[in-house]
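Peer 1: protein.txt is reproduced below (compact mmCIF, N, CA and C atoms).
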# COMPACT_ATOMS: atom_id res chain seq x y z
N MET A 24 16.12 12.92 -6.08
CA MET A 24 16.89 11.96 -5.31
C MET A 24 16.02 10.73 -5.05
N ASP A 25 16.60 9.57 -5.24
CA ASP A 25 15.92 8.29 -5.02
C ASP A 25 15.55 8.12 -3.54
N TRP A 26 14.41 7.49 -3.29
CA TRP A 26 13.94 7.30 -1.92
C TRP A 26 14.95 6.54 -1.07
N LYS A 27 15.71 5.64 -1.68
CA LYS A 27 16.69 4.86 -0.92
C LYS A 27 17.79 5.73 -0.33
N ASN A 28 18.06 6.85 -0.98
CA ASN A 28 19.08 7.77 -0.46
C ASN A 28 18.57 8.62 0.69
N LYS A 29 17.26 8.63 0.90
CA LYS A 29 16.65 9.46 1.93
C LYS A 29 16.16 8.68 3.14
N VAL A 30 16.00 7.38 2.99
CA VAL A 30 15.25 6.61 3.99
C VAL A 30 15.89 6.60 5.37
N ILE A 31 17.18 6.40 5.46
CA ILE A 31 17.81 6.32 6.79
C ILE A 31 17.65 7.64 7.54
N ASP A 32 17.97 8.73 6.88
CA ASP A 32 17.83 10.03 7.54
C ASP A 32 16.38 10.32 7.91
N ALA A 33 15.46 9.94 7.03
CA ALA A 33 14.03 10.19 7.30
C ALA A 33 13.56 9.39 8.52
N LEU A 34 14.00 8.14 8.65
CA LEU A 34 13.60 7.32 9.79
C LEU A 34 14.22 7.83 11.09
N ILE A 35 15.46 8.32 11.00
CA ILE A 35 16.10 8.91 12.19
C ILE A 35 15.37 10.19 12.58
N GLU A 36 15.11 11.03 11.59
CA GLU A 36 14.41 12.30 11.86
C GLU A 36 13.01 12.03 12.42
N GLY A 37 12.37 10.97 11.96
CA GLY A 37 11.04 10.61 12.44
C GLY A 37 11.05 9.90 13.78
N ASP A 38 12.24 9.71 14.36
CA ASP A 38 12.40 9.08 15.67
C ASP A 38 11.76 7.69 15.70
N CYS A 39 11.97 6.92 14.64
CA CYS A 39 11.36 5.59 14.51
C CYS A 39 12.09 4.49 15.27
N PHE A 40 13.38 4.62 15.41
CA PHE A 40 14.17 3.56 16.06
C PHE A 40 14.02 3.65 17.56
N PHE A 41 13.74 2.51 18.18
CA PHE A 41 13.59 2.53 19.64
C PHE A 41 14.88 2.17 20.36
N SER A 42 15.94 1.85 19.61
CA SER A 42 17.24 1.64 20.24
C SER A 42 18.35 1.86 19.22
N THR A 43 19.53 2.13 19.74
CA THR A 43 20.70 2.27 18.89
C THR A 43 20.99 0.97 18.16
N PHE A 44 20.76 -0.14 18.84
CA PHE A 44 21.02 -1.44 18.23
C PHE A 44 20.08 -1.70 17.05
N GLN A 45 18.81 -1.33 17.20
CA GLN A 45 17.88 -1.49 16.09
C GLN A 45 18.34 -0.66 14.90
N LYS A 46 18.74 0.57 15.16
CA LYS A 46 19.21 1.45 14.09
C LYS A 46 20.44 0.85 13.40
N MET A 47 21.38 0.33 14.16
CA MET A 47 22.58 -0.28 13.59
C MET A 47 22.23 -1.50 12.73
N ARG A 48 21.33 -2.36 13.25
CA ARG A 48 20.93 -3.55 12.48
C ARG A 48 20.23 -3.15 11.19
N PHE A 49 19.34 -2.15 11.27
CA PHE A 49 18.63 -1.70 10.08
C PHE A 49 19.61 -1.17 9.04
N ILE A 50 20.51 -0.29 9.45
CA ILE A 50 21.45 0.32 8.51
C ILE A 50 22.33 -0.75 7.86
N GLN A 51 22.78 -1.70 8.64
CA GLN A 51 23.63 -2.77 8.11
C GLN A 51 22.88 -3.60 7.07
N LEU A 52 21.66 -4.03 7.39
CA LEU A 52 20.89 -4.85 6.45
C LEU A 52 20.43 -4.04 5.26
N PHE A 53 20.04 -2.79 5.48
CA PHE A 53 19.64 -1.90 4.39
C PHE A 53 20.79 -1.75 3.39
N ASN A 54 21.99 -1.45 3.89
CA ASN A 54 23.14 -1.25 3.01
C ASN A 54 23.50 -2.53 2.25
N LYS A 55 23.28 -3.67 2.86
CA LYS A 55 23.55 -4.95 2.19
C LYS A 55 22.58 -5.20 1.04
N LEU A 56 21.32 -4.77 1.20
CA LEU A 56 20.26 -5.19 0.27
C LEU A 56 19.70 -4.11 -0.64
N LYS A 57 19.99 -2.86 -0.38
CA LYS A 57 19.31 -1.76 -1.07
C LYS A 57 19.43 -1.78 -2.59
N ASP A 58 20.45 -2.38 -3.13
CA ASP A 58 20.64 -2.40 -4.58
C ASP A 58 20.08 -3.65 -5.26
N GLU A 59 19.46 -4.53 -4.48
CA GLU A 59 18.88 -5.74 -5.06
C GLU A 59 17.57 -5.41 -5.77
N ALA A 60 17.27 -6.15 -6.83
CA ALA A 60 16.07 -5.90 -7.63
C ALA A 60 14.78 -6.05 -6.81
N PHE A 61 14.79 -6.92 -5.82
CA PHE A 61 13.60 -7.17 -5.01
C PHE A 61 13.40 -6.16 -3.88
N PHE A 62 14.36 -5.23 -3.72
CA PHE A 62 14.31 -4.30 -2.60
C PHE A 62 13.37 -3.13 -2.93
N THR A 63 12.12 -3.32 -2.55
CA THR A 63 11.08 -2.31 -2.74
C THR A 63 10.85 -1.56 -1.43
N LYS A 64 9.97 -0.60 -1.48
CA LYS A 64 9.59 0.08 -0.23
C LYS A 64 9.00 -0.93 0.75
N GLY A 65 8.21 -1.87 0.25
CA GLY A 65 7.63 -2.89 1.12
C GLY A 65 8.69 -3.74 1.79
N PHE A 66 9.71 -4.13 1.03
CA PHE A 66 10.79 -4.92 1.61
C PHE A 66 11.58 -4.10 2.62
N CYS A 67 11.76 -2.82 2.33
CA CYS A 67 12.45 -1.93 3.26
C CYS A 67 11.70 -1.88 4.60
N LYS A 68 10.38 -1.85 4.53
CA LYS A 68 9.57 -1.84 5.75
C LYS A 68 9.80 -3.13 6.54
N CYS A 69 9.93 -4.25 5.83
CA CYS A 69 10.21 -5.53 6.50
C CYS A 69 11.58 -5.51 7.16
N VAL A 70 12.55 -4.90 6.50
CA VAL A 70 13.89 -4.77 7.08
C VAL A 70 13.80 -3.97 8.38
N PHE A 71 13.03 -2.89 8.35
CA PHE A 71 12.88 -2.09 9.56
C PHE A 71 12.27 -2.93 10.69
N LEU A 72 11.19 -3.63 10.39
CA LEU A 72 10.52 -4.43 11.42
C LEU A 72 11.43 -5.54 11.94
N ALA A 73 12.12 -6.23 11.04
CA ALA A 73 13.01 -7.32 11.45
C ALA A 73 14.17 -6.82 12.30
N SER A 74 14.56 -5.57 12.11
CA SER A 74 15.72 -5.04 12.84
C SER A 74 15.43 -4.82 14.32
N CYS A 75 14.22 -5.12 14.77
CA CYS A 75 13.89 -4.92 16.18
C CYS A 75 14.73 -5.80 17.09
N ASP A 76 15.18 -6.95 16.59
CA ASP A 76 16.10 -7.77 17.39
C ASP A 76 17.00 -8.59 16.46
N GLN A 77 18.04 -9.15 17.02
CA GLN A 77 19.05 -9.86 16.21
C GLN A 77 18.47 -11.11 15.58
N GLU A 78 17.64 -11.84 16.30
CA GLU A 78 17.06 -13.08 15.78
C GLU A 78 16.28 -12.83 14.49
N HIS A 79 15.43 -11.82 14.49
CA HIS A 79 14.63 -11.54 13.31
C HIS A 79 15.45 -10.92 12.18
N THR A 80 16.47 -10.14 12.55
CA THR A 80 17.38 -9.60 11.55
C THR A 80 18.10 -10.74 10.84
N ASP A 81 18.58 -11.72 11.61
CA ASP A 81 19.28 -12.87 11.02
C ASP A 81 18.35 -13.68 10.12
N PHE A 82 17.10 -13.87 10.56
CA PHE A 82 16.12 -14.62 9.77
C PHE A 82 15.90 -13.94 8.42
N LEU A 83 15.68 -12.62 8.45
CA LEU A 83 15.44 -11.89 7.20
C LEU A 83 16.70 -11.87 6.34
N SER A 84 17.84 -11.73 6.94
CA SER A 84 19.10 -11.72 6.19
C SER A 84 19.30 -13.03 5.44
N LYS A 85 19.03 -14.14 6.11
CA LYS A 85 19.17 -15.46 5.47
C LYS A 85 18.16 -15.63 4.35
N ALA A 86 16.94 -15.16 4.55
CA ALA A 86 15.92 -15.24 3.50
C ALA A 86 16.34 -14.37 2.31
N ALA A 87 16.89 -13.20 2.59
CA ALA A 87 17.35 -12.32 1.51
C ALA A 87 18.53 -12.94 0.77
N ASP A 88 19.41 -13.62 1.49
CA ASP A 88 20.52 -14.32 0.83
C ASP A 88 19.99 -15.35 -0.16
N LYS A 89 18.92 -16.02 0.23
CA LYS A 89 18.29 -17.01 -0.66
C LYS A 89 17.71 -16.31 -1.89
N LEU A 90 17.07 -15.15 -1.69
CA LEU A 90 16.54 -14.39 -2.83
C LEU A 90 17.67 -14.00 -3.78
N ILE A 91 18.77 -13.57 -3.24
CA ILE A 91 19.92 -13.18 -4.06
C ILE A 91 20.45 -14.40 -4.82
N GLU A 92 20.58 -15.51 -4.12
CA GLU A 92 21.05 -16.75 -4.74
C GLU A 92 20.14 -17.19 -5.88
N MET A 93 18.84 -16.98 -5.71
CA MET A 93 17.85 -17.36 -6.73
C MET A 93 17.79 -16.34 -7.88
N GLY A 94 18.42 -15.20 -7.70
CA GLY A 94 18.31 -14.15 -8.70
C GLY A 94 16.93 -13.53 -8.74
N ALA A 95 16.27 -13.50 -7.59
CA ALA A 95 14.88 -13.03 -7.49
C ALA A 95 14.77 -11.55 -7.85
N ARG A 96 13.67 -11.24 -8.51
CA ARG A 96 13.36 -9.86 -8.86
C ARG A 96 12.13 -9.36 -8.09
N ASP A 97 11.54 -10.25 -7.30
CA ASP A 97 10.37 -9.88 -6.50
C ASP A 97 10.44 -10.62 -5.17
N THR A 98 9.41 -10.48 -4.37
CA THR A 98 9.43 -11.06 -3.02
C THR A 98 8.48 -12.25 -2.87
N ASP A 99 8.14 -12.89 -3.98
CA ASP A 99 7.23 -14.05 -3.90
C ASP A 99 7.78 -15.13 -2.97
N TYR A 100 9.08 -15.36 -3.01
CA TYR A 100 9.69 -16.36 -2.13
C TYR A 100 9.50 -15.99 -0.66
N MET A 101 9.62 -14.71 -0.36
CA MET A 101 9.42 -14.25 1.02
C MET A 101 8.01 -14.55 1.50
N LEU A 102 7.03 -14.31 0.65
CA LEU A 102 5.64 -14.59 1.02
C LEU A 102 5.42 -16.07 1.23
N LYS A 103 6.02 -16.90 0.39
CA LYS A 103 5.91 -18.36 0.53
C LYS A 103 6.56 -18.80 1.85
N LEU A 104 7.72 -18.27 2.13
CA LEU A 104 8.43 -18.61 3.37
C LEU A 104 7.61 -18.18 4.59
N SER A 105 7.02 -17.02 4.51
CA SER A 105 6.19 -16.53 5.60
C SER A 105 4.99 -17.44 5.83
N ASP A 106 4.34 -17.84 4.75
CA ASP A 106 3.18 -18.74 4.86
C ASP A 106 3.57 -20.05 5.55
N GLU A 107 4.76 -20.54 5.26
CA GLU A 107 5.23 -21.80 5.87
C GLU A 107 5.61 -21.60 7.34
N HIS A 108 6.12 -20.45 7.67
CA HIS A 108 6.69 -20.20 9.01
C HIS A 108 5.66 -19.68 10.02
N ILE A 109 4.62 -19.03 9.55
CA ILE A 109 3.72 -18.30 10.44
C ILE A 109 2.98 -19.19 11.44
N ALA A 110 2.67 -20.41 11.04
CA ALA A 110 1.92 -21.30 11.92
C ALA A 110 2.71 -21.68 13.18
N SER A 111 4.02 -21.62 13.11
CA SER A 111 4.85 -22.03 14.25
C SER A 111 5.12 -20.89 15.23
N LEU A 112 4.59 -19.71 14.96
CA LEU A 112 4.91 -18.55 15.77
C LEU A 112 3.92 -18.35 16.93
N LYS A 113 4.39 -17.69 17.96
CA LYS A 113 3.53 -17.28 19.07
C LYS A 113 2.70 -16.09 18.62
N ALA A 114 1.68 -15.77 19.36
CA ALA A 114 0.67 -14.78 18.95
C ALA A 114 1.25 -13.44 18.52
N ASN A 115 2.10 -12.83 19.33
CA ASN A 115 2.63 -11.51 19.00
C ASN A 115 3.51 -11.54 17.75
N GLU A 116 4.37 -12.55 17.66
CA GLU A 116 5.21 -12.67 16.48
C GLU A 116 4.37 -12.92 15.23
N LYS A 117 3.32 -13.68 15.39
CA LYS A 117 2.43 -13.97 14.26
C LYS A 117 1.80 -12.67 13.73
N ILE A 118 1.37 -11.82 14.62
CA ILE A 118 0.76 -10.54 14.22
C ILE A 118 1.78 -9.68 13.48
N LEU A 119 3.02 -9.65 13.96
CA LEU A 119 4.04 -8.85 13.29
C LEU A 119 4.45 -9.47 11.95
N PHE A 120 4.43 -10.80 11.86
CA PHE A 120 4.69 -11.45 10.57
C PHE A 120 3.58 -11.10 9.58
N GLU A 121 2.34 -11.06 10.06
CA GLU A 121 1.23 -10.66 9.19
C GLU A 121 1.40 -9.22 8.73
N LEU A 122 1.94 -8.37 9.61
CA LEU A 122 2.22 -6.99 9.23
C LEU A 122 3.29 -6.96 8.13
N SER A 123 4.32 -7.76 8.27
CA SER A 123 5.35 -7.86 7.23
C SER A 123 4.76 -8.33 5.91
N ASP A 124 3.89 -9.33 5.99
CA ASP A 124 3.21 -9.80 4.77
C ASP A 124 2.45 -8.66 4.10
N SER A 125 1.79 -7.88 4.89
CA SER A 125 1.04 -6.74 4.36
C SER A 125 1.98 -5.75 3.68
N PHE A 126 3.14 -5.52 4.28
CA PHE A 126 4.13 -4.62 3.67
C PHE A 126 4.55 -5.14 2.30
N LEU A 127 4.72 -6.46 2.18
CA LEU A 127 5.15 -7.04 0.91
C LEU A 127 4.03 -7.06 -0.13
N ARG A 128 2.84 -7.39 0.31
CA ARG A 128 1.71 -7.48 -0.63
C ARG A 128 1.25 -6.11 -1.11
N TYR A 129 1.34 -5.10 -0.25
CA TYR A 129 0.89 -3.74 -0.57
C TYR A 129 2.01 -2.75 -0.23
N PRO A 130 3.08 -2.75 -1.04
CA PRO A 130 4.30 -2.02 -0.67
C PRO A 130 4.17 -0.51 -0.54
N ASP A 131 3.18 0.08 -1.16
CA ASP A 131 3.04 1.54 -1.10
C ASP A 131 1.93 1.98 -0.16
N THR A 132 1.51 1.07 0.71
CA THR A 132 0.39 1.35 1.61
C THR A 132 0.79 0.99 3.04
N THR A 133 0.41 1.83 3.96
CA THR A 133 0.60 1.52 5.38
C THR A 133 -0.70 0.98 5.93
N PRO A 134 -0.66 -0.21 6.53
CA PRO A 134 -1.88 -0.76 7.14
C PRO A 134 -2.37 0.14 8.27
N ASP A 135 -3.64 0.00 8.60
CA ASP A 135 -4.13 0.80 9.73
C ASP A 135 -3.63 0.19 11.04
N GLU A 136 -3.89 0.86 12.12
CA GLU A 136 -3.32 0.48 13.41
C GLU A 136 -4.09 -0.61 14.14
N THR A 137 -5.08 -1.23 13.52
CA THR A 137 -5.85 -2.25 14.23
C THR A 137 -4.99 -3.43 14.68
N CYS A 138 -3.90 -3.69 13.97
CA CYS A 138 -3.01 -4.78 14.40
C CYS A 138 -2.44 -4.52 15.79
N LEU A 139 -2.30 -3.25 16.16
CA LEU A 139 -1.75 -2.91 17.47
C LEU A 139 -2.67 -3.36 18.60
N LEU A 140 -3.96 -3.39 18.32
CA LEU A 140 -4.94 -3.80 19.33
C LEU A 140 -4.82 -5.28 19.68
N GLU A 141 -4.22 -6.05 18.78
CA GLU A 141 -4.07 -7.48 19.00
C GLU A 141 -2.77 -7.83 19.72
N LEU A 142 -1.84 -6.89 19.79
CA LEU A 142 -0.55 -7.14 20.43
C LEU A 142 -0.63 -6.95 21.94
N SER A 143 0.15 -7.73 22.67
CA SER A 143 0.25 -7.48 24.10
C SER A 143 1.02 -6.17 24.30
N ARG A 144 0.83 -5.58 25.46
CA ARG A 144 1.34 -4.23 25.73
C ARG A 144 2.83 -4.06 25.41
N SER A 145 3.64 -5.02 25.78
CA SER A 145 5.08 -4.88 25.57
C SER A 145 5.49 -4.95 24.09
N TRP A 146 4.60 -5.47 23.24
CA TRP A 146 4.90 -5.58 21.81
C TRP A 146 4.37 -4.39 21.00
N VAL A 147 3.50 -3.59 21.59
CA VAL A 147 2.90 -2.46 20.86
C VAL A 147 3.95 -1.48 20.33
N PRO A 148 4.98 -1.12 21.09
CA PRO A 148 5.97 -0.19 20.54
C PRO A 148 6.65 -0.70 19.26
N ILE A 149 6.85 -2.00 19.15
CA ILE A 149 7.47 -2.56 17.95
C ILE A 149 6.54 -2.37 16.75
N GLY A 150 5.27 -2.73 16.93
CA GLY A 150 4.30 -2.55 15.86
C GLY A 150 4.08 -1.10 15.52
N ASP A 151 4.01 -0.27 16.54
CA ASP A 151 3.77 1.16 16.33
C ASP A 151 4.93 1.82 15.57
N SER A 152 6.15 1.49 15.95
CA SER A 152 7.30 2.08 15.25
C SER A 152 7.36 1.58 13.81
N ALA A 153 6.95 0.33 13.56
CA ALA A 153 6.94 -0.20 12.19
C ALA A 153 5.90 0.54 11.35
N LEU A 154 4.75 0.83 11.92
CA LEU A 154 3.72 1.59 11.18
C LEU A 154 4.19 3.02 10.93
N GLN A 155 4.84 3.62 11.91
CA GLN A 155 5.37 4.97 11.73
C GLN A 155 6.43 4.98 10.63
N ALA A 156 7.32 4.01 10.65
CA ALA A 156 8.35 3.91 9.61
C ALA A 156 7.71 3.69 8.23
N SER A 157 6.66 2.88 8.20
CA SER A 157 5.96 2.63 6.95
C SER A 157 5.38 3.91 6.35
N LEU A 158 4.77 4.72 7.19
CA LEU A 158 4.23 6.00 6.70
C LEU A 158 5.32 6.89 6.13
N ILE A 159 6.45 6.92 6.82
CA ILE A 159 7.57 7.74 6.36
C ILE A 159 8.10 7.22 5.03
N ILE A 160 8.29 5.92 4.93
CA ILE A 160 8.80 5.31 3.68
C ILE A 160 7.81 5.54 2.54
N ASP A 161 6.52 5.42 2.82
CA ASP A 161 5.51 5.67 1.79
C ASP A 161 5.62 7.07 1.20
N ASN A 162 5.99 8.03 2.03
CA ASN A 162 6.02 9.43 1.61
C ASN A 162 7.34 9.88 0.99
N LEU A 163 8.29 8.96 0.86
CA LEU A 163 9.56 9.32 0.23
C LEU A 163 9.46 9.26 -1.28
Go ahead and express the file in the form of structure tokens.
Peer 2:
Amino acid sequence: MDWKNKVIDALIEGDCFFSTFQKMRFIQLFNKLKDEAFFTKGFCKCVFLASCDQEHTDFLSKAADKLIEMGARDTDYMLKLSDEHIASLKANEKILFELSDSFLRYPDTTPDETCLLELSRSWVPIGDSALQASLIIDNL
């Protein structure tokens, strides 16, 4: 069975979602994008991280729409967009964007938890759940 057919159940079983809304946003965006050529495990990890709130889900959805429009087969455009956008972010968002970049650059690898040490306390659960989801996705 393909990893894409297992990922939602595996993330639910792993208790990765910190809210029902995050789970709903993830499932919606996952179902929209899972059959695209650029949808790798690394991109799936970015979908999970972006699903933490509506603003980031919308941002990733629009970027993915652009990838689809371009007929993209990889995520090079996403990395370029991230490089352009990262300078305008506040510290915590910047760290999580860097985590997303890592997911795209090294799609079969979960970064270590040192990024969590740079996040303020209220942002740690977002980073921690993204790393947990990454480990689960890596093992599918």
Peer 1: Tell me, in Å to one decimal, how far atom N of Asp99 (chain A) is from atom C of Leu140 (chain A).
Peer 2: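 Value for the atom N of Asp99 (chain A)-atom C of Leu140 (chain A) distance: 28.0 Å.
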Peer 1: Would you list, as number ranges by chain, the residues of region 42-157 of chain A that end up in helix (DSSP H, G or I) under DSSP run on this structure's backbone?
Peer 2: A: 43-56, 64-73, 77-93, 99-111, 114-128, 137-141, 144-157
Peer 1: Could you give me, as a short mmCIF file (atom, residue, chain, number, x, y, z; two decimals) with N, CA and C atoms, in the coordinates of the input, the residues within 6.5 Å of region 59-72 of chain A, counting all atoms listed in the file and dropping anything in the same chain fewer than 5 positions from it?
Peer 2:
data_model
loop_
_atom_site.label_atom_id
_atom_site.label_comp_id
_atom_site.auth_asym_id
_atom_site.auth_seq_id
_atom_site.Cartn_x
_atom_site.Cartn_y
_atom_site.Cartn_z
N PHE A 49 19.34 -2.15 11.27
CA PHE A 49 18.63 -1.70 10.08
C PHE A 49 19.61 -1.17 9.04
N ALA A 95 16.27 -13.50 -7.59
CA ALA A 95 14.88 -13.03 -7.49
C ALA A 95 14.77 -11.55 -7.85
N ARG A 96 13.67 -11.24 -8.51
CA ARG A 96 13.36 -9.86 -8.86
C ARG A 96 12.13 -9.36 -8.09
N ASP A 97 11.54 -10.25 -7.30
CA ASP A 97 10.37 -9.88 -6.50
C ASP A 97 10.44 -10.62 -5.17
N THR A 98 9.41 -10.48 -4.37
CA THR A 98 9.43 -11.06 -3.02
C THR A 98 8.48 -12.25 -2.87
N SER A 123 4.32 -7.76 8.27
CA SER A 123 5.35 -7.86 7.23
C SER A 123 4.76 -8.33 5.91
N PHE A 126 3.14 -5.52 4.28
CA PHE A 126 4.13 -4.62 3.67
C PHE A 126 4.55 -5.14 2.30
N LEU A 127 4.72 -6.46 2.18
CA LEU A 127 5.15 -7.04 0.91
C LEU A 127 4.03 -7.06 -0.13
N TYR A 129 1.34 -5.10 -0.25
CA TYR A 129 0.89 -3.74 -0.57
C TYR A 129 2.01 -2.75 -0.23
N PRO A 130 3.08 -2.75 -1.04
CA PRO A 130 4.30 -2.02 -0.67
C PRO A 130 4.17 -0.51 -0.54
N ASP A 131 3.18 0.08 -1.16
CA ASP A 131 3.04 1.54 -1.10
C ASP A 131 1.93 1.98 -0.16
N ALA A 153 6.95 0.33 13.56
CA ALA A 153 6.94 -0.20 12.19
C ALA A 153 5.90 0.54 11.35
N ALA A 156 7.32 4.01 10.65
CA ALA A 156 8.35 3.91 9.61
C ALA A 156 7.71 3.69 8.23
N SER A 157 6.66 2.88 8.20
CA SER A 157 5.96 2.63 6.95
C SER A 157 5.38 3.91 6.35
N ILE A 160 8.29 5.92 4.93
CA ILE A 160 8.80 5.31 3.68
C ILE A 160 7.81 5.54 2.54
#
Peer 1: For CA of Cys138 (chain A) and CA of Lys89 (chain A), determine how far apart the two atoms are, in Å to one decimal place.
Peer 2: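 Atom-to-atom, CA of Cys138 (chain A) and CA of Lys89 (chain A) are spaced 28.8 Å apart.
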Peer 1: Would you compute the distance between CA of Cys75 (chain A) and atom N of Ser42 (chain A)? Give it in Å to one decimal.
Peer 2: 7.9 Å
Peer 1: Report, as lines of an AutoDock Vina configuration file, the axis-aligned box around all atoms of region 88-101 of chain A present in the file, extended by 4 Å on each side; give centre and edge lengths in Å to one decimal place.
Peer 2:
center_x = 14.1
center_y = -13.4
center_z = -3.7
size_x = 21.8
size_y = 16.0
size_z = 18.4
Peer 1: With only C-alpha atoms as the basis for distance, which of A:Glu121, A:Leu104, A:Arg48, A:Asn28 is at the shortest distance from Thr80 (chain A)?
Peer 2: A:Arg48
Peer 1: Between A:Phe120, A:Phe41, A:Phe53, A:Trp26, which residue has the minimum interatomic distance to Leu142 (chain A), considering only C-alpha atoms?
Peer 2: A:Phe120
Peer 1: Find the spatial neighbours of Ala114 (chain A), counting only C-alpha atoms, within a cut-off of 12 Å - ignore same-chain residues fewer than 2 positions away - and output them as number ranges by chain.
Peer 2: A: 109-112, 116-121, 138, 141-143, 146
